[in-house]
Amino acid sequence: MKFTNCISYFLAIFLLMTIYNFAESEKGEINNGQDFTKPLPRLVVCCKYQDISEFSRAQTFTLRADKPFNLNEHWVVSTRVDLPYTDIRIKKLVGYRYTILSPKKHERGLSDLSFQALFITPTYGKWTFAFGLKLCFPTAQGKNLGSGKYQMLPTFSFKYDLKNWINGAWCALLVRQDFDIGGARSRRSINQTCLEPIFNIDLPYSWFVTLAPKIRYNWKHRTWFVPFDIQIGKMLTEKMVLSLEYKKRLVDNFPVFRQEIELRLGYFF
């Protein structure tokens, strides 16, 4: 069975479950960690599979830690650290066939470490704003495991509450400008804009669905990358959440990946 067929069946089953359960409702609201304006201290384990191109596949294991700090009664700063470990397989051309390199020749090791801090404003009616900075460090242990550059990503975002329309629904837009500020001269320079529209619905029985495609524009080549993105998750307990995210390219004039699936398990403190 093809990988894409498995995903299609999973999404179909979930949609049937959603239609069946939507007539039911739960009392009270549970913070499942999806709303970036309501950060929680948590530890997340992420397992991601990437179909990067015809020539390469990658599996990444990421350890993520989130910690919010209250600056005063209204302002909050949310911090995040990501430590990824990647195993990438690259195919080589043998005649007219592509052959996967042997396991001993896989490139594997730590990828680029990243740190993020977002300042979250008080809520103004249905609006909440956030701004901050993400930094990426060239800690990768192999050439294909990271960018080789120090990266700075100024970030601005806003959220609009849609609970008057559907309880537990909200939408947001996150904008980042990604550029390098140093690193190996032999590596490609980075100058990209990332637009991430987000739409989230909290469903009955502690389920949730999030649509959050990360649209990229490469200023160097003036090309776009637009994916489809859906994340489905459920609160297993009051302190544990499990989610599955699937992404597939739609417009890839600026190629990033062909498709991607990521499983996350988070624990709230």
# chains A, B, ... in the order shown; residues from 1 in each chain; ligands from 1
$ residues_around --residues "A:Tyr246" --least-positions-apart "4" --cutoff "9 Å" --atoms "only C-alpha atoms" --output "list in words"
Ile7, Phe228, Asp229, Ile230, Gln231, Ile232, Gln259, Glu260, Ile261 and Glu262 of chain A
$ write_last_selection --atoms "N, CA and C atoms" --output "PDB file, in the first residue's frame"
ATOM      1  N   ILE A   7      -2.336   7.643   4.181  1.00  0.00           N
ATOM      2  CA  ILE A   7      -2.739   8.937   4.721  1.00  0.00           C
ATOM      3  C   ILE A   7      -4.182   9.249   4.345  1.00  0.00           C
ATOM      4  N   PHE A 228      -0.092  21.859   1.280  1.00  0.00           N
ATOM      5  CA  PHE A 228      -1.305  21.546   2.039  1.00  0.00           C
ATOM      6  C   PHE A 228      -0.858  21.033   3.399  1.00  0.00           C
ATOM      7  N   ASP A 229      -1.556  21.423   4.459  1.00  0.00           N
ATOM      8  CA  ASP A 229      -1.145  21.033   5.809  1.00  0.00           C
ATOM      9  C   ASP A 229      -2.372  20.803   6.681  1.00  0.00           C
ATOM     10  N   ILE A 230      -2.432  19.643   7.320  1.00  0.00           N
ATOM     11  CA  ILE A 230      -3.505  19.361   8.271  1.00  0.00           C
ATOM     12  C   ILE A 230      -2.923  18.613   9.468  1.00  0.00           C
ATOM     13  N   GLN A 231      -3.331  19.026  10.641  1.00  0.00           N
ATOM     14  CA  GLN A 231      -2.906  18.370  11.877  1.00  0.00           C
ATOM     15  C   GLN A 231      -4.144  17.916  12.648  1.00  0.00           C
ATOM     16  N   ILE A 232      -4.137  16.666  13.070  1.00  0.00           N
ATOM     17  CA  ILE A 232      -5.239  16.080  13.813  1.00  0.00           C
ATOM     18  C   ILE A 232      -4.692  15.575  15.140  1.00  0.00           C
ATOM     19  N   GLN A 259       6.349  15.475   0.376  1.00  0.00           N
ATOM     20  CA  GLN A 259       5.345  15.245   1.399  1.00  0.00           C
ATOM     21  C   GLN A 259       6.038  14.950   2.721  1.00  0.00           C
ATOM     22  N   GLU A 260       5.268  15.116   3.789  1.00  0.00           N
ATOM     23  CA  GLU A 260       5.860  15.017   5.123  1.00  0.00           C
ATOM     24  C   GLU A 260       4.785  14.584   6.113  1.00  0.00           C
ATOM     25  N   ILE A 261       5.168  13.726   7.054  1.00  0.00           N
ATOM     26  CA  ILE A 261       4.255  13.318   8.112  1.00  0.00           C
ATOM     27  C   ILE A 261       5.004  13.370   9.441  1.00  0.00           C
ATOM     28  N   GLU A 262       4.333  13.907  10.465  1.00  0.00           N
ATOM     29  CA  GLU A 262       4.993  14.084  11.761  1.00  0.00           C
ATOM     30  C   GLU A 262       4.052  13.687  12.891  1.00  0.00           C
TER      31      GLU A 262
END
$ select_by_dssp --residues "stretch 21-191 of chain A" --states "helix (DSSP H, G or I)" --output "PyMOL selection string"
chain A and resi 21+103-105+143-145
$ atom_distance --atom1 "atom CA of A:Gln50" --atom2 "atom CA of A:Asp252"
15.0 Å
$ residues_around --residues "A:Gly266" --least-positions-apart "4" --cutoff "12 Å" --atoms "only C-alpha atoms" --output "ChimeraX atom specification"
/A:32-34,40-47,62-66,233-244
$ residues_around --residues "A:Met152" --least-positions-apart "5" --cutoff "7 Å" --atoms "only C-alpha atoms" --output "mmCIF file with C-alpha atoms, in the first residue's frame"
data_model
loop_
_atom_site.group_PDB
_atom_site.id
_atom_site.type_symbol
_atom_site.label_atom_id
_atom_site.label_comp_id
_atom_site.auth_asym_id
_atom_site.auth_seq_id
_atom_site.Cartn_x
_atom_site.Cartn_y
_atom_site.Cartn_z
ATOM 1 C CA LYS A 134 13.687 32.827 16.297
ATOM 2 C CA LEU A 135 17.389 31.966 16.060
ATOM 3 C CA CYS A 136 18.907 28.924 14.336
ATOM 4 C CA ASP A 178 14.229 34.191 7.450
ATOM 5 C CA PHE A 179 17.742 35.375 6.609
ATOM 6 C CA ASP A 180 21.282 34.312 7.460
ATOM 7 C CA ILE A 181 23.665 36.464 9.485
#
$ residues_around --residues "A:Ile120" --least-positions-apart "6" --cutoff "8 Å" --atoms "only C-alpha atoms" --output "PyMOL selection string"
chain A and resi 37+75-78+128-131
$ atom_distance --atom1 "atom CA of A:Ser189" --atom2 "atom CA of A:Asn218"
10.8 Å
$ residues_around --residues "A:Pro154" --least-positions-apart "5" --cutoff "7 Å" --atoms "only C-alpha atoms" --output "PDB file with N, CA and C atoms, in the first residue's frame"
ATOM      1  N   GLY A 132       8.303  38.519  18.087  1.00  0.00           N
ATOM      2  CA  GLY A 132       9.515  38.009  18.718  1.00  0.00           C
ATOM      3  C   GLY A 132      10.568  37.631  17.703  1.00  0.00           C
ATOM      4  N   LEU A 133      11.383  36.653  18.068  1.00  0.00           N
ATOM      5  CA  LEU A 133      12.547  36.303  17.263  1.00  0.00           C
ATOM      6  C   LEU A 133      12.846  34.814  17.411  1.00  0.00           C
ATOM      7  N   LYS A 134      13.207  34.206  16.293  1.00  0.00           N
ATOM      8  CA  LYS A 134      13.687  32.827  16.297  1.00  0.00           C
ATOM      9  C   LYS A 134      15.118  32.819  15.778  1.00  0.00           C
ATOM     10  N   ARG A 176       7.085  35.357   9.193  1.00  0.00           N
ATOM     11  CA  ARG A 176       8.510  35.328   9.549  1.00  0.00           C
ATOM     12  C   ARG A 176       9.339  35.771   8.350  1.00  0.00           C
ATOM     13  N   GLN A 177      10.434  36.461   8.630  1.00  0.00           N
ATOM     14  CA  GLN A 177      11.430  36.771   7.612  1.00  0.00           C
ATOM     15  C   GLN A 177      12.700  36.015   7.991  1.00  0.00           C
TER      16      GLN A 177
END
$ closest_residue --among "A:Leu71, A:Leu110, A:Leu162, A:Val175" --to "A:Pro84" --atoms "only C-alpha atoms"
A:Leu110
$ closest_residue --among "A:Thr79, A:Asn72, A:Gln116, A:Asn144" --to "A:Ala58" --atoms "only C-alpha atoms"
A:Asn144
$ atom_distance --atom1 "atom CA of A:Gly168" --atom2 "atom CA of A:Pro213"
19.8 Å
